[in-house]
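Right, one structure below, let's go through it.
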Amino acid sequence: MELKIEHLTKKYKDKTAVDDVSLTVTPGIWGLLGANGAGKTTLMRMIAGIMKPDSGCVKYDGINITALGETYRDIFGYLPQEFGFYPEFTVKDYLEYVAVLKGLTRQETKRKTGELLETLTLEGVKNKKIIKLSGGMKRRVGIAQALLNEPEVLILDEPTSGLDPGERVRFRNLLSEFAQNRIVLISTHIVPDIEYIACQNAVMKDGRILASGTTEELVGIMDGKVWNVQMPAYDVHRAEQKARIVNLRNDNSESVSVRYLSDKPVFPESLQAQPRLEDLYLWLFPQEESGKEEH
Amino acid sequence: MRLFLIELKRILKTRSVQIVILGALVLTALLAYAPISFVKYTYYDDAGNKFELKGTEAIYKQKEAQADYTGIITPEMAVQALIQYQECAGQYENGVYDDNMPVNEYNEKIAPVSFIVSKLAEVYADDKTGFAADVMSLTAEDAGRFYKQCSQHLTDLMNLEQPDHPQAREKAEAMYETVDKPFSYYPGTDSNSIEYFGIMVLLMAVVGIVITAPIFSIEYQTESDQILRCTKHGKRRLAAIKLLACFTILTVIYAVCMTIFTVVINTAFGWEARQTDVQFVFSAITFIKLTVGQLQMLIIGMGYLTLLATIFFTLFLSSRLKSVAASAITALIFCLLPFFLSSFWSSSLGDWISAVLPSGGTGMGNSFLYALLDTRFLSVGEYAFWVPYVMVVAAFVNIVLFSTLTVETYCRHSK
């Protein structure tokens, strides 16, 4: 089972949102990291078959997904960044509606909706209109619909936005369990959401895949570039001018522990630190780039 | 089937649809009541007390006064009607418009025969100008030749209106030959109530637009289509099911509203009045063989076709436009366009466009009813086509065309 993205390109009027992207996605959880505007959503829409690429194609087990059509959609689950729904739907009505569209039988619909309502702790609100739910609950309904047909390929675009920390942990556990022998691709700019569950990651910037590999491989890129140093609190402002500071921790009222990224130590007495995926992300996406619009 | 039922349920659970359906039922009742309420009958009793009746009571009185003119109206009856009219009107300086004419006399002598007399004035119109004849100048002999004059008047009028289209003239005369004469008349016949059938069709078209405009657009607007179109049945089948659900809902609404309207109207005016030939209700030279009842059924049937053409066109717009407001407004503009074209752009091209648009048969002056009663033909070179035929063919073509285009557009829609 593999999902092969071959030279996908999508241009908008004055911008190339996805630029000749090629990637082979195999079973397991894949993280697609990138700042807002990196082209993640556009790429995911093309994988979902709801956006036509200008060039290139997506193949599932060697066959173009356009040619597969209904067969591909039958094994596919998708949660878009913006979870849209008919305003008049209750949670239960909505899940039933999507279940019918996914071709589930009455029995399967009843069983799967029951299971997902319980797993995603939506049982208590199943008769409420979705429009009246909180952001986190809406997101959970979105996740539930994506899982209804137990898809072989699951694409989740920013699935954790709006979820509280507890919900995030439950979601990660749910996905880890679900991902056995399935392809799960999660796009996010919140690194901790995938750091511990993704077996593979791809990092996207300006419509291109900059790097891909296991978390360990990607983190390896940052070897020798992450530093820790203690400095007086009054020096922090000056330090910010010299290095890319990724974390500050007040050890006491006078001293601050600073974690920064640099090819070589910038401050005296700096010690090398263990890199994390987030360090790579911040290395690749400096702060000034995070304000771009998502495409 | 399950997909169809769940889509049907979804649409019917939408608040705006529920409001529109309720509104359609209320408006149907009001529209059915309106022509009944227009009928008034004033009279004085022997003691000189004035009575002003409205609605069904007035209809009853009118029918009572016209009892002698029931069934086939022979040339002899036409002569009798003209004589009665002239004798009565001749007593007054300003004829039937004279204020001195007692109301009771008008009710007894003039009103019961006015449906014949007005047709006499029409068929003896000036063949050069088309102006109706002065009733007081017509003779009993003229009245006796009423049915022969009908054919002559058609020839005169077609010469006047279609001087450059001999094929249109020939077709009109050939069609009129098939109309049985003498005509029949049954008291209770009311032209207003028939015209309201046309208004009902317009109302149904508007209801159809309001219900169908959001069907696809709301998905684009809320972005819910992103999920739906990724599901197994979420493309072609879902689009087709949506069309089928809209078709079913609108068919049921149309059937219910039209049944209510027809039953109320015919019960109030009398079911026997449905046997009246349309030539006694509208123009005597209407060149189609129809009774009022058949005309009602024809308007309902053609109205249904137009409704389907209109809703499939609206669904097509909905599948293209990303906002509910845009699709609803565009659909309403196209719904009313034939009316404006026929009112403000009197030309051959304007008439063609007006007739072939999806809502070509709905509206006021441009409706299928008026096209049926009119002598207008649409021409291409030397060929002439009667407008109602064009409307029927266009409605069928629009239904097939826009239902197909809707499904294709939805399937090809890309973010």
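FYI, nothing fancy with the structure tokens labels: chains A, B, ... in order, residues from 1 per chain, ligands from 1 as they appear.
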Using only C-alpha atoms, which residues of chain A come within 6 Å of chain B, and what is the closest atom pair for each, with the distance in Å to one decimal? Give it as CSV, sorted by chain and residue number.
residue,atom,partner,partner_atom,distance
A:Ile50,CA,B:Ser414,CA,5.7
A:Met51,CA,B:Ser414,CA,4.9
A:Glu70,CA,B:Lys232,CA,5.2
A:Arg73,CA,B:Lys232,CA,4.8
A:Asp74,CA,B:Lys232,CA,4.6
A:Gly84,CA,B:Ser224,CA,3.8
A:Phe85,CA,B:Ser224,CA,4.7
A:Glu88,CA,B:Thr14,CA,6.0
A:Leu101,CA,B:His233,CA,5.1
A:Lys102,CA,B:Lys232,CA,4.9
Those selected residues, please, written with C-alpha atoms and delivered as an mmCIF file, in the first residue's frame.
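part31.cif, freshly written:
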data_model
loop_
_atom_site.group_PDB
_atom_site.id
_atom_site.type_symbol
_atom_site.label_atom_id
_atom_site.label_comp_id
_atom_site.auth_asym_id
_atom_site.auth_seq_id
_atom_site.Cartn_x
_atom_site.Cartn_y
_atom_site.Cartn_z
ATOM 1 C CA ILE A 50 -11.041 17.906 -4.755
ATOM 2 C CA MET A 51 -8.509 20.139 -6.450
ATOM 3 C CA GLU A 70 -15.157 5.868 -6.390
ATOM 4 C CA ARG A 73 -12.930 7.552 -2.289
ATOM 5 C CA ASP A 74 -14.213 4.364 -0.698
ATOM 6 C CA GLY A 84 -17.859 22.726 6.891
ATOM 7 C CA PHE A 85 -21.277 21.265 7.602
ATOM 8 C CA GLU A 88 -29.233 22.378 10.364
ATOM 9 C CA LEU A 101 -22.428 8.838 1.480
ATOM 10 C CA LYS A 102 -19.539 6.571 2.403
#
request  = Mind the document's chain letters and residue numbers, and return as a ChimeraX atom specification the residues of range 109-183 of chain A that DSSP labels alpha helix (DSSP H).
outcome  = /A:109-119,135-147,165-178
request  = Name all residues at most 10 Å from range 171-186 of chain B (count only C-alpha atoms; drop same-chain ones fewer than 6 positions away) and give them as a PyMOL selection string.
outcome  = chain B and resi 63+66-75+115-116+146-148+150-152+154-155+158+270-281+284-292+375-377+384-386
Residues just named, written with C-alpha atoms as a short mmCIF file (atom, residue, chain, number, x, y, z; two decimals), in the first residue's frame:
data_model
loop_
_atom_site.label_atom_id
_atom_site.label_comp_id
_atom_site.auth_asym_id
_atom_site.auth_seq_id
_atom_site.Cartn_x
_atom_site.Cartn_y
_atom_site.Cartn_z
CA LYS B 63 -75.09 32.25 -12.11
CA GLN B 66 -77.33 33.69 -16.50
CA ALA B 67 -79.27 30.45 -16.15
CA ASP B 68 -80.85 30.85 -19.61
CA TYR B 69 -77.43 30.87 -21.24
CA THR B 70 -76.21 27.45 -20.30
CA GLY B 71 -74.71 24.99 -22.75
CA ILE B 72 -74.32 25.51 -26.49
CA ILE B 73 -74.82 29.12 -27.52
CA THR B 74 -76.63 28.93 -30.85
CA PRO B 75 -76.69 31.77 -33.39
CA PHE B 115 -70.18 37.57 -22.57
CA ILE B 116 -71.86 37.13 -26.01
CA PHE B 146 -71.42 35.31 -35.42
CA TYR B 147 -69.66 31.98 -35.94
CA LYS B 148 -68.96 32.62 -39.63
CA CYS B 150 -65.24 34.50 -36.21
CA SER B 151 -63.23 32.87 -39.01
CA GLN B 152 -63.34 36.05 -41.08
CA LEU B 154 -59.20 35.71 -37.58
CA THR B 155 -58.19 36.15 -41.22
CA MET B 158 -53.71 37.74 -38.96
CA GLY B 270 -68.86 25.79 -10.16
CA TRP B 271 -67.34 22.68 -11.68
CA GLU B 272 -69.77 22.90 -14.63
CA ALA B 273 -68.11 26.18 -15.69
CA ARG B 274 -65.09 24.10 -16.70
CA GLN B 275 -67.07 23.04 -19.80
CA THR B 276 -67.17 26.57 -21.21
CA ASP B 277 -65.18 27.00 -24.39
CA VAL B 278 -62.25 29.37 -23.96
CA GLN B 279 -63.47 31.43 -26.92
CA PHE B 280 -66.23 32.81 -24.66
CA VAL B 281 -63.81 33.66 -21.88
CA ALA B 284 -63.36 34.48 -29.80
CA ILE B 285 -60.58 33.72 -32.26
CA THR B 286 -58.39 31.76 -29.84
CA PHE B 287 -57.29 29.16 -32.30
CA ILE B 288 -57.04 26.18 -30.03
CA LYS B 289 -59.87 23.85 -29.18
CA LEU B 290 -60.15 23.94 -25.40
CA THR B 291 -62.70 24.15 -22.63
CA VAL B 292 -61.92 26.09 -19.48
CA THR B 375 -51.94 35.07 -32.18
CA ARG B 376 -48.16 35.51 -31.95
CA PHE B 377 -45.80 33.35 -33.99
CA ALA B 384 -43.31 30.28 -38.36
CA PHE B 385 -43.70 28.58 -34.97
CA TRP B 386 -46.57 29.14 -32.59
#
Give me the range 136-221 of chain B side of the contact with range 297-317 of chain B, cut-off 8 Å, one line per residue showing its nearest atom pair and distance in Å at one decimal, counting only C-alpha atoms, sorted by chain and residue number, as a tab-separated table.
residue	atom	partner	partner_atom	distance
B:Phe197	CA	B:Ile299	CA	7.0
B:Gly198	CA	B:Ile299	CA	7.0
B:Val201	CA	B:Gly303	CA	5.4
B:Met204	CA	B:Leu307	CA	7.0
B:Ala205	CA	B:Leu307	CA	5.3
B:Gly208	CA	B:Ile311	CA	5.7
B:Ile209	CA	B:Ile311	CA	6.0
B:Thr212	CA	B:Leu315	CA	5.9
B:Ala213	CA	B:Thr314	CA	5.7
B:Ile215	CA	B:Leu315	CA	7.0
B:Phe216	CA	B:Leu315	CA	7.3
Output of the above residues as a PDB file, in the first residue's frame, restricted to N, CA and C atoms:
ATOM      1  N   PHE B 197     -54.358  31.107 -12.338  1.00  0.00           N
ATOM      2  CA  PHE B 197     -53.586  29.866 -12.507  1.00  0.00           C
ATOM      3  C   PHE B 197     -52.170  30.222 -12.959  1.00  0.00           C
ATOM      4  N   GLY B 198     -52.079  31.220 -13.851  1.00  0.00           N
ATOM      5  CA  GLY B 198     -50.770  31.681 -14.328  1.00  0.00           C
ATOM      6  C   GLY B 198     -49.950  32.268 -13.192  1.00  0.00           C
ATOM      7  N   VAL B 201     -48.498  29.587 -11.106  1.00  0.00           N
ATOM      8  CA  VAL B 201     -47.299  28.986 -11.715  1.00  0.00           C
ATOM      9  C   VAL B 201     -46.077  29.849 -11.387  1.00  0.00           C
ATOM     10  N   MET B 204     -45.087  29.281  -7.824  1.00  0.00           N
ATOM     11  CA  MET B 204     -44.406  27.990  -7.677  1.00  0.00           C
ATOM     12  C   MET B 204     -42.959  28.071  -8.187  1.00  0.00           C
ATOM     13  N   ALA B 205     -42.767  28.841  -9.260  1.00  0.00           N
ATOM     14  CA  ALA B 205     -41.399  29.001  -9.797  1.00  0.00           C
ATOM     15  C   ALA B 205     -40.515  29.704  -8.767  1.00  0.00           C
ATOM     16  N   GLY B 208     -39.730  27.345  -6.057  1.00  0.00           N
ATOM     17  CA  GLY B 208     -38.711  26.417  -6.554  1.00  0.00           C
ATOM     18  C   GLY B 208     -37.327  27.024  -6.498  1.00  0.00           C
ATOM     19  N   ILE B 209     -37.223  28.281  -6.877  1.00  0.00           N
ATOM     20  CA  ILE B 209     -35.918  28.955  -6.867  1.00  0.00           C
ATOM     21  C   ILE B 209     -35.383  29.072  -5.440  1.00  0.00           C
ATOM     22  N   THR B 212     -34.263  25.615  -4.219  1.00  0.00           N
ATOM     23  CA  THR B 212     -33.143  24.947  -4.902  1.00  0.00           C
ATOM     24  C   THR B 212     -31.853  25.780  -4.987  1.00  0.00           C
ATOM     25  N   ALA B 213     -31.973  27.094  -4.877  1.00  0.00           N
ATOM     26  CA  ALA B 213     -30.765  27.933  -5.033  1.00  0.00           C
ATOM     27  C   ALA B 213     -29.634  27.543  -4.063  1.00  0.00           C
ATOM     28  N   ILE B 215     -28.922  24.579  -2.765  1.00  0.00           N
ATOM     29  CA  ILE B 215     -28.595  23.146  -2.724  1.00  0.00           C
ATOM     30  C   ILE B 215     -27.089  22.861  -2.876  1.00  0.00           C
ATOM     31  N   PHE B 216     -26.457  23.431  -3.870  1.00  0.00           N
ATOM     32  CA  PHE B 216     -25.014  23.213  -4.037  1.00  0.00           C
ATOM     33  C   PHE B 216     -24.208  24.397  -3.479  1.00  0.00           C
TER      34      PHE B 216
END
Non-local contacts of Leu210 in chain A (12 Å; only C-alpha atoms; under 2 positions in same chain excluded) as a list in words =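 So the residues in contact are Asp19, Asp20, Val21, Ser22, Leu23, Leu32, Leu33, Gly34, Ala38, Asn201, Ala202, Val203, Met204, Lys205, Asp206, Gly207, Arg208, Ser212, Gly213, Leu218, Ile221, Leu280, Tyr281, Leu284 and Phe285 of chain A.
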Got time to write the residues from that selection, C-alpha atoms, as a tab-separated table (two decimals), in the first residue's frame?
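Printed below is result_9.tsv as written:
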chain	number	residue	atom	x	y	z
A	19	ASP	CA	5.88	23.39	-6.76
A	20	ASP	CA	6.78	20.05	-8.33
A	21	VAL	CA	6.23	18.04	-5.17
A	22	SER	CA	7.04	14.33	-5.22
A	23	LEU	CA	6.64	12.09	-2.20
A	32	LEU	CA	3.45	17.23	7.02
A	33	LEU	CA	5.09	20.20	8.66
A	34	GLY	CA	5.09	23.70	7.36
A	38	ALA	CA	3.72	26.64	2.86
A	201	ASN	CA	7.72	13.50	8.35
A	202	ALA	CA	7.91	15.83	5.42
A	203	VAL	CA	8.72	19.48	5.80
A	204	MET	CA	7.19	21.88	3.33
A	205	LYS	CA	8.18	25.44	2.55
A	206	ASP	CA	7.19	27.74	-0.28
A	207	GLY	CA	5.38	24.91	-2.04
A	208	ARG	CA	8.31	22.51	-1.96
A	212	SER	CA	11.55	14.15	4.54
A	213	GLY	CA	12.37	11.15	6.67
A	218	LEU	CA	15.11	15.04	10.48
A	221	ILE	CA	19.80	17.78	10.65
A	280	LEU	CA	14.13	21.93	12.97
A	281	TYR	CA	10.78	23.54	12.32
A	284	LEU	CA	13.42	26.23	8.70
A	285	PHE	CA	10.61	28.67	9.42
remark   = With distances taken over only C-alpha atoms, the candidate from B:Gly90, B:Pro35, B:Phe339, B:Glu57 nearest Thr189 in chain B is B:Pro35
